[in-house]
Each structure stands twice: as structure tokens, then as C-alpha cells.
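> First the structure, then my questions, so here it is.
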Amino acid sequence: MSDQGKYDAGSNVGEDRSAGEAEPGVTLGQEVRANLLGLALAIGLTAASFWIATMPHLIYGPGVAMALLVLAVAQMGIHLVFFLHITTSPDNANNVLALAFGVLIVALIVFGSIWVMTHMNHNIGSMSEWMRKQQ
Amino acid sequence: MNSAVASLEPGSEESESAVTGHGAGGPAPKRIVVGYGFWIFLISDVVMFSTLFASYAVLFKETAGGPSARELFDLRNTAAETALLLASTFTCAMASLAVAHRNMKWTQLSLLVTGLLGAAFLTLEWREFAGLVARGAGPTRSAFLSSFFTLVGCHGAHVTAGILWLGTMMAQFPAKGFRRDICHRFLCFSLFWHALDIIWVAIFSLVYLVGTLPSELLP
């Protein structure tokens with residue numbers, strides 16, 4: 001508690017650097033270059049997504065939606081590594097485990113919902129079909 | 001017996017490592033613990049967004065005779081929004097570097113640019129929503145549009161909250177300096193802002209780009 005209020009610029013002891021304090025052994029130039037690399041990769045993947053979506057006939061038709069999904073997941077990985085600094089270092093082990101569990105839950109919710117609902121639509125017909133029959 | 005009780009006394013250095021089993025290294029530094037706690041919150045936020053994505057995917061074809069995604073969405077607007085948010089994520093990373101190097105001028109400048117890019121993003125999103133409502137394609141038109149406005153609007157609400165938080169940080173850095181607690185707060189803000197861009201990647205890819213594919217190419 002007593003530490004909290006201290007103005008601690010340049011007075012960090014040992015391991016306990018303050019949040020976002022410059023990492024030892026990494027120059028500012030290297031950090032800026034890493035961010036620029038992350039930005040360039042994200043721009044490249046975004047451009048590829050828009051290019052495929054606006055000219056879908058260029059690649060195998062049924063693969064278009066899958067290609068967009070893969071590009072999106074790749075770009076999320078770029079953001080996680082370059083901007084959220086999720087790495088394989090021991091400092092990050094807990095973050096990676098929490099992320100893995102989060103991905104599991106997200107996959108269960110999204111694919112589970114789609115799976116269950118398409119089967120319901122097959123068995124009882126979707127709402128829009130039902131409304132067409134009413135007219 | 002007595003020493004075991006004494007070692008559970010809060011505040012003494014040894015007691016913490018004995019209780020948490022961290023051994024010689026001691027407990028993790030505060031910046032790691034703060035980042036981890038906020039990371040757990042962000043993942044719970046992502047799980048909430050996943051339910052909205054699931055609703056959108058399930059309700060995508062339920063247009064109730066109204067306009068479909070392909071008829072409504074303007075990909076040029078989506079591209080501009082994407083560019084603004086991606087640029088703001090980069091300037092936010094620059095702000096993190098400026099904070100790490102304790103440079104007030106660059107911290108404030110990159111935070112200001114981040115906020116302006118975020119505000120420009122919200123302006124474009126607001127114009128898009130207003131345009132849809134004016135064309136009779138508001139959230140009440142169909143289940144598809146309800147799920148669209150909920151998902152994309154929830155992301156917009158997060159960006160709005162992020163801009164308010166950003167303004168708070170811009171006021172607190174000059175007022176309180178690069179104090180340890182303020183820097184931890186900023187660490188959480190930067191994680192929040194970068195996570196919003198990850199959500200937007202999913203939105204522009206799956207809602208806008210997959211959504212506007214010709215119907216024979218949809219899965």
C-alpha cells in the first residue's frame with residue numbers, strides 16, 4: 001500500500017518493473033520496429049480478406065468463406081503476439097492457459113449453437129420457411 | 001505451531017511465498033498479476049461477444065422478407081472503419097512505448113491520436129446505423145437485423161467506453177505523473193483497446209465480408 005503512491009520513475013527494484021516499463025535489453029528502435037511489423041502483417045491480412053471477398057471468383061468457390069475465416073484467425077494471432085504481447089515466456093503461462101480455455105468456450109458456444117440450430121431447422125423447418133408457408 | 005501461525009501473517013515477505021508455494025522466486029510482480037486479472041476479464045468479454053456472434057450466425061438468413069446483408073452493407077465503409085481502428089491500435093502501442101520510456105509529450109500525443117481515430121470510427125459506424133434505420137432496415141425489421149445491431153452496436157459501445165477511459169488516462173498522466181498505479185491502469189487500458197481490435201477483425205471478416213458473399217458461396 002505504501003508503495004502505491006510513490007512516483008517510481010527509474011526507481012524500480014529488481015524484477016518488479018512498473019507496468020509497461022521498458023524491457024531491459026530491448027532498444028526503443030527494436031520495439032518500434034516490432035510494432036511496425038505487426039501493423040504491416042495486419043494490413044496485409046486485412047487487404048487479402050477484402051481482396052478475396054470482393055473478387056470471390058478468383059479462388060475455389062466453396063473455399064471463400066473458409067479462407068476469410070482462416071485470414072481472420074491469423075490476424076487475431078498477429079494482434080495477440082505483437083500488440084497484446086502474449087508470448088511463450090514463463091511470465092505468460094497463466095495468460096496462455098486462460099486464453100486456451102477462452103478459445104474452448106468460444107468454440108463450444110459458436111459451433112454448438114450453429115450445429116444445434118441447423119439440425120432444428122432441418123427437423124422442424126426454419127422460421128422463414130414456416131412464415132412462407134403461412135402466406 | 002506458533003511459527004506456522006506467524007508465517008500466515010499478511011505482509012511479511014516469507015509468508016506469501018510459503019502460502020502461495022512460489023518458492024524462492026516469491027510472488028509474481030504486480031504488473032504480471034494486474035495484467036493477468038484484466039486478461040481474465042477480457043476473455044469473459046470475448047465469451048460474451050461469442051454468444052452474439054452465434055446469434056448472428058444462426059439468425060443470418062431470417063430476414064423476414066426484408067433486406068439481406070448483401071443488399072445492405074457497403075464494404076467501402078467497412079474498409080474505412082477497419083483502417084481507422086487498425087491505425088488506432090498501432091498508435092495505442094506507440095503510447096505504451098512512450099509510457100515505458102516515461103515520455104509525457106509522446107504519451108499524450110499518441111493517446112490523442114488514438115482517441116481521434118476511435119472517434120472517427122464511431123462517427124462512421126453511427127452514420128452507417130443511421131443510414132440503415134432511414135432505409136427502414138433498423139433493428140426491429142427482422143431477426144437478422146436485430147442480431148446485427150446487437151453485435152456491432154455492442155462493439156461500438158465498448159469503443160465508446162474505451163474513449164472515455166482514454167480521456168481519463170490523458171487527464172491522469174499529467175496530473176499524477178507516471179505513478180505505478182497509473183501505469184497499471186494504462187496497461188489495462190491498452191489491453192482493452194487491442195482486444196477491441198481483435199473483436200473488430202472477427203466482425204469485419206465474418207459479418208461484413210462473409211455476409212456479403214453471393215448466396216451460392218455461403219456455407
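If you're wondering about the labels, chains in the C-alpha cells are A, B, ... by order shown, residues count from 1 in each chain, ligands from 1 in order shown.
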Residues at most 12 Å from B:Ala119, counting only C-alpha atoms, excluding those fewer than 2 positions away in the same chain, as a list in words?
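The neighbour list is Glu81, Leu84, Leu85, Ser88, Leu112, Val113, Thr114, Gly115, Leu116, Leu117, Phe121, Leu122, Thr123, Leu124, Glu125, Trp126, Gly156, Ala157, Val159, Thr160, Ala161, Gly162, Ile163, Leu164, Leu166 and Gly167 of chain B.
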> As a PyMOL selection string, could you give me every residue of chain B near chain A (at most 6 Å apart, counting only C-alpha atoms)?
chain B and resi 29+31+43+47+50+54+58+62+100-101+179-180+183-184+198+209-210+217
> Would you please give, as a VMD selection string, all residues of stretch 8-202 of chain B that DSSP assigns to helix (DSSP H, G or I) based on the backbone?
chain B and resid 13 to 20 23 to 25 30 to 59 69 to 72 75 to 100 104 to 134 143 to 176 180 to 202
> Please report the interatomic distance between atom CA of B:Pro174 and atom CA of B:Gly35 in Å with one decimal.
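Separation between atom CA of B:Pro174 and atom CA of B:Gly35: 23.0 Å.
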> To one decimal in Å, tell me the separation between atom CA of A:Pro90 and atom CA of B:Phe38.
18.0 Å
